[in-house]
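Reviewing the structure listed below.
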Amino acid sequence: MTTISTVISQTLKDEPDLTKVDNILTKLFLIFPHYCFGRGLFDLSTTYQTNIISLRYIPGYVPKSPLQFDIVGRNIMCLSIEGFVFFIFAICVQYRVFISDRICVRTSKNLISSNEDENVAAERQRIYADHNNINGDVLRIIDLLKLLKKICIGVKQGECFGLLGINGSGKSTTFKMLTGEISMTNGNAFVNNYSVIKQLDDVHQNLGYCPQFDALDSLLTAREHLYFYARLHGIKRKNISSVSVFSSYFIDIVIEQFY
């Protein structure tokens, strides 16, 4: 839209009415970073060519500086302001500043199956009753909702828990919500008492996840993979080498046990 309007206004700039519209749009479009950048380059090139031609054919012509505020200066100023604003906005999105921490809300009856398994119902009631995680669950899923019914699960330290279901029942969706890959419609989940909604970075440092499809990059070596995932888990750069060596030895020991 900005490109088309600029081309039209420059092509028909001799029309008085279009000149007024161009002046308005030029100021209005400054809120778009790509327009500031493109228009700045356009005005810079135009001013440069005008100076060259005018110096050659107009005696006493004083060349204009392209950095004047009404030429490129305002574009540079707007780009600087927008860069700072969008950087702060990106940081806020990364740390989920705009997402409030939701608490456990009782599931409405229409979302609970009338023939719900008694073990499932008992687990739901246990989660509802244990607001402060007195039982010490390392994983707590409270009324998790996306395209599936609300789920309430608590997994204790050292417990091996399997999530079973037919294709399309929401297993992969559940894990994607736990890792923050997709947002949840309602509810919350806690890993070592860290909220997936508000403390996702801490959750990632306490969570290991092997997705449904291969997560290895064919262009990286084994050691580079260890370095990459160590950085994702927040391990300090100076400790990555020793952690990688330890992980390599550990993997070798595990492989020897099976082969």
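Chain labels follow the order of the structure tokens: the first chain is A, the next B, and so on; residue numbering restarts at 1 in every chain, and ligands are counted from 1 in their shown order.
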Restrict the calculation to only C-alpha atoms, then for each residue of segment 163-245 of chain A with any atom at most 8 Å from an atom of segment 122-145 of chain A give the closest atom pair and their distance in Å to one decimal, rows by chain and rising residue number, as JSON lines.
{"residue": "A:Thr174", "atom": "CA", "partner": "A:Leu144", "partner_atom": "CA", "distance": 8.0}
{"residue": "A:Met184", "atom": "CA", "partner": "A:Leu145", "partner_atom": "CA", "distance": 6.0}
{"residue": "A:Thr185", "atom": "CA", "partner": "A:Leu145", "partner_atom": "CA", "distance": 5.4}
{"residue": "A:Asn186", "atom": "CA", "partner": "A:Leu145", "partner_atom": "CA", "distance": 5.1}
{"residue": "A:Gly187", "atom": "CA", "partner": "A:Asp143", "partner_atom": "CA", "distance": 4.6}
{"residue": "A:Asn188", "atom": "CA", "partner": "A:Ile142", "partner_atom": "CA", "distance": 5.4}
{"residue": "A:Ala189", "atom": "CA", "partner": "A:Ile141", "partner_atom": "CA", "distance": 4.4}
{"residue": "A:Phe190", "atom": "CA", "partner": "A:Arg140", "partner_atom": "CA", "distance": 5.0}
{"residue": "A:Val191", "atom": "CA", "partner": "A:Leu139", "partner_atom": "CA", "distance": 4.8}
{"residue": "A:Asn192", "atom": "CA", "partner": "A:Val138", "partner_atom": "CA", "distance": 4.6}
{"residue": "A:Asn193", "atom": "CA", "partner": "A:Val138", "partner_atom": "CA", "distance": 7.0}
Who sits within 9 Å of segment 208-221 of chain A, only C-alpha atoms, same chain under 2 positions skipped, as a compact mmCIF listing (two decimals) with C-alpha atoms, in the first residue's frame:
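Written file, around_35.txt:
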# COMPACT_ATOMS: atom_id res chain seq x y z
CA SER A 172 1.03 -33.73 20.85
CA PHE A 175 3.16 -31.33 24.97
CA LYS A 176 3.29 -28.33 22.66
CA THR A 179 6.83 -26.40 26.03
CA HIS A 204 12.70 -24.80 29.70
CA GLN A 205 15.64 -25.20 32.09
CA ASN A 206 13.74 -27.90 33.99
CA ARG A 223 29.15 -31.98 19.79
CA GLU A 224 27.53 -28.99 18.10
CA HIS A 225 24.11 -30.37 19.03
CA LEU A 226 25.21 -30.66 22.65
What's the 12 Å shell around Leu41 of chain A, counting only C-alpha atoms, without same-chain residues fewer than 2 positions away, as a PDB file with N, CA and C atoms, in the first residue's frame?
ATOM      1  N   HIS A  34       9.359  -0.041   7.445  1.00  0.00           N
ATOM      2  CA  HIS A  34       9.785  -0.326   6.075  1.00  0.00           C
ATOM      3  C   HIS A  34       9.580   0.886   5.173  1.00  0.00           C
ATOM      4  N   TYR A  35       8.557   1.687   5.472  1.00  0.00           N
ATOM      5  CA  TYR A  35       8.345   2.897   4.679  1.00  0.00           C
ATOM      6  C   TYR A  35       9.446   3.914   4.961  1.00  0.00           C
ATOM      7  N   CYS A  36       9.793   4.075   6.232  1.00  0.00           N
ATOM      8  CA  CYS A  36      10.863   5.016   6.588  1.00  0.00           C
ATOM      9  C   CYS A  36      12.161   4.645   5.881  1.00  0.00           C
ATOM     10  N   PHE A  37      12.462   3.360   5.862  1.00  0.00           N
ATOM     11  CA  PHE A  37      13.703   2.914   5.234  1.00  0.00           C
ATOM     12  C   PHE A  37      13.660   3.118   3.718  1.00  0.00           C
ATOM     13  N   GLY A  38      12.576   2.655   3.093  1.00  0.00           N
ATOM     14  CA  GLY A  38      12.467   2.774   1.638  1.00  0.00           C
ATOM     15  C   GLY A  38      12.369   4.211   1.179  1.00  0.00           C
ATOM     16  N   ARG A  39      11.554   4.999   1.875  1.00  0.00           N
ATOM     17  CA  ARG A  39      11.403   6.405   1.491  1.00  0.00           C
ATOM     18  C   ARG A  39      12.702   7.171   1.731  1.00  0.00           C
ATOM     19  N   ASP A  43      14.488   9.274  -1.136  1.00  0.00           N
ATOM     20  CA  ASP A  43      14.788  10.704  -1.007  1.00  0.00           C
ATOM     21  C   ASP A  43      16.289  10.960  -1.064  1.00  0.00           C
ATOM     22  N   LEU A  44      17.074  10.047  -0.520  1.00  0.00           N
ATOM     23  CA  LEU A  44      18.529  10.191  -0.571  1.00  0.00           C
ATOM     24  C   LEU A  44      19.026  10.159  -2.010  1.00  0.00           C
ATOM     25  N   SER A  45      18.514   9.203  -2.783  1.00  0.00           N
ATOM     26  CA  SER A  45      18.914   9.096  -4.182  1.00  0.00           C
ATOM     27  C   SER A  45      18.442  10.302  -4.984  1.00  0.00           C
ATOM     28  N   THR A  46      17.204  10.729  -4.733  1.00  0.00           N
ATOM     29  CA  THR A  46      16.651  11.877  -5.469  1.00  0.00           C
ATOM     30  C   THR A  46      17.446  13.149  -5.182  1.00  0.00           C
ATOM     31  N   THR A  47      17.762  13.362  -3.915  1.00  0.00           N
ATOM     32  CA  THR A  47      18.524  14.556  -3.533  1.00  0.00           C
ATOM     33  C   THR A  47      19.921  14.532  -4.141  1.00  0.00           C
ATOM     34  N   TYR A  48      20.530  13.364  -4.147  1.00  0.00           N
ATOM     35  CA  TYR A  48      21.875  13.232  -4.716  1.00  0.00           C
ATOM     36  C   TYR A  48      21.870  13.557  -6.210  1.00  0.00           C
ATOM     37  N   PRO A  66      21.342  15.755   2.223  1.00  0.00           N
ATOM     38  CA  PRO A  66      20.247  14.771   2.312  1.00  0.00           C
ATOM     39  C   PRO A  66      19.851  14.447   3.748  1.00  0.00           C
ATOM     40  N   LEU A  67      20.684  14.842   4.709  1.00  0.00           N
ATOM     41  CA  LEU A  67      20.377  14.551   6.107  1.00  0.00           C
ATOM     42  C   LEU A  67      19.505  15.621   6.753  1.00  0.00           C
ATOM     43  N   ILE A  71      14.125  15.910   4.635  1.00  0.00           N
ATOM     44  CA  ILE A  71      14.474  14.996   3.542  1.00  0.00           C
ATOM     45  C   ILE A  71      14.637  13.573   4.090  1.00  0.00           C
ATOM     46  N   VAL A  72      15.776  13.294   4.698  1.00  0.00           N
ATOM     47  CA  VAL A  72      16.021  11.957   5.240  1.00  0.00           C
ATOM     48  C   VAL A  72      16.058  11.962   6.767  1.00  0.00           C
ATOM     49  N   GLY A  73      16.272  13.135   7.348  1.00  0.00           N
ATOM     50  CA  GLY A  73      16.430  13.221   8.800  1.00  0.00           C
ATOM     51  C   GLY A  73      15.244  12.687   9.579  1.00  0.00           C
ATOM     52  N   ASN A  75      13.096  10.477   8.612  1.00  0.00           N
ATOM     53  CA  ASN A  75      13.023   9.021   8.467  1.00  0.00           C
ATOM     54  C   ASN A  75      13.990   8.326   9.421  1.00  0.00           C
ATOM     55  N   ILE A  76      15.193   8.897   9.553  1.00  0.00           N
ATOM     56  CA  ILE A  76      16.174   8.328  10.475  1.00  0.00           C
ATOM     57  C   ILE A  76      15.669   8.430  11.914  1.00  0.00           C
TER      58      ILE A  76
END
Output as a PyMOL selection string all residues of segment 36-225 of chain A that backbone DSSP marks as strand (DSSP E). chain A and resi 137-145+151-156+186-191+194-195
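You will find atom CA of Lys64 of chain A at 6.8 Å from atom CA of Asn51 of chain A.
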Pick from A:Pro63, A:Gly158, A:Gly234, A:Pro33 nearest to Ile81 of chain A, counting only C-alpha atoms: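 Counting only C-alpha atoms, the residue closest to Ile81 of chain A is A:Pro33.
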Suppose you want the space between atom CA of Ser242 of chain A and atom CA of Phe228 of chain A; what is it in Å? 13.9 Å
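One finds atom CA of Tyr227 of chain A at 17.2 Å from atom CA of Asp252 of chain A.
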Give me, as an NGL selection string, the residues of segment 82-208 of chain A that a backbone DSSP run labels helix (DSSP H, G or I). :A and (82-94 or 109-111 or 118-129 or 171-178 or 200-205)
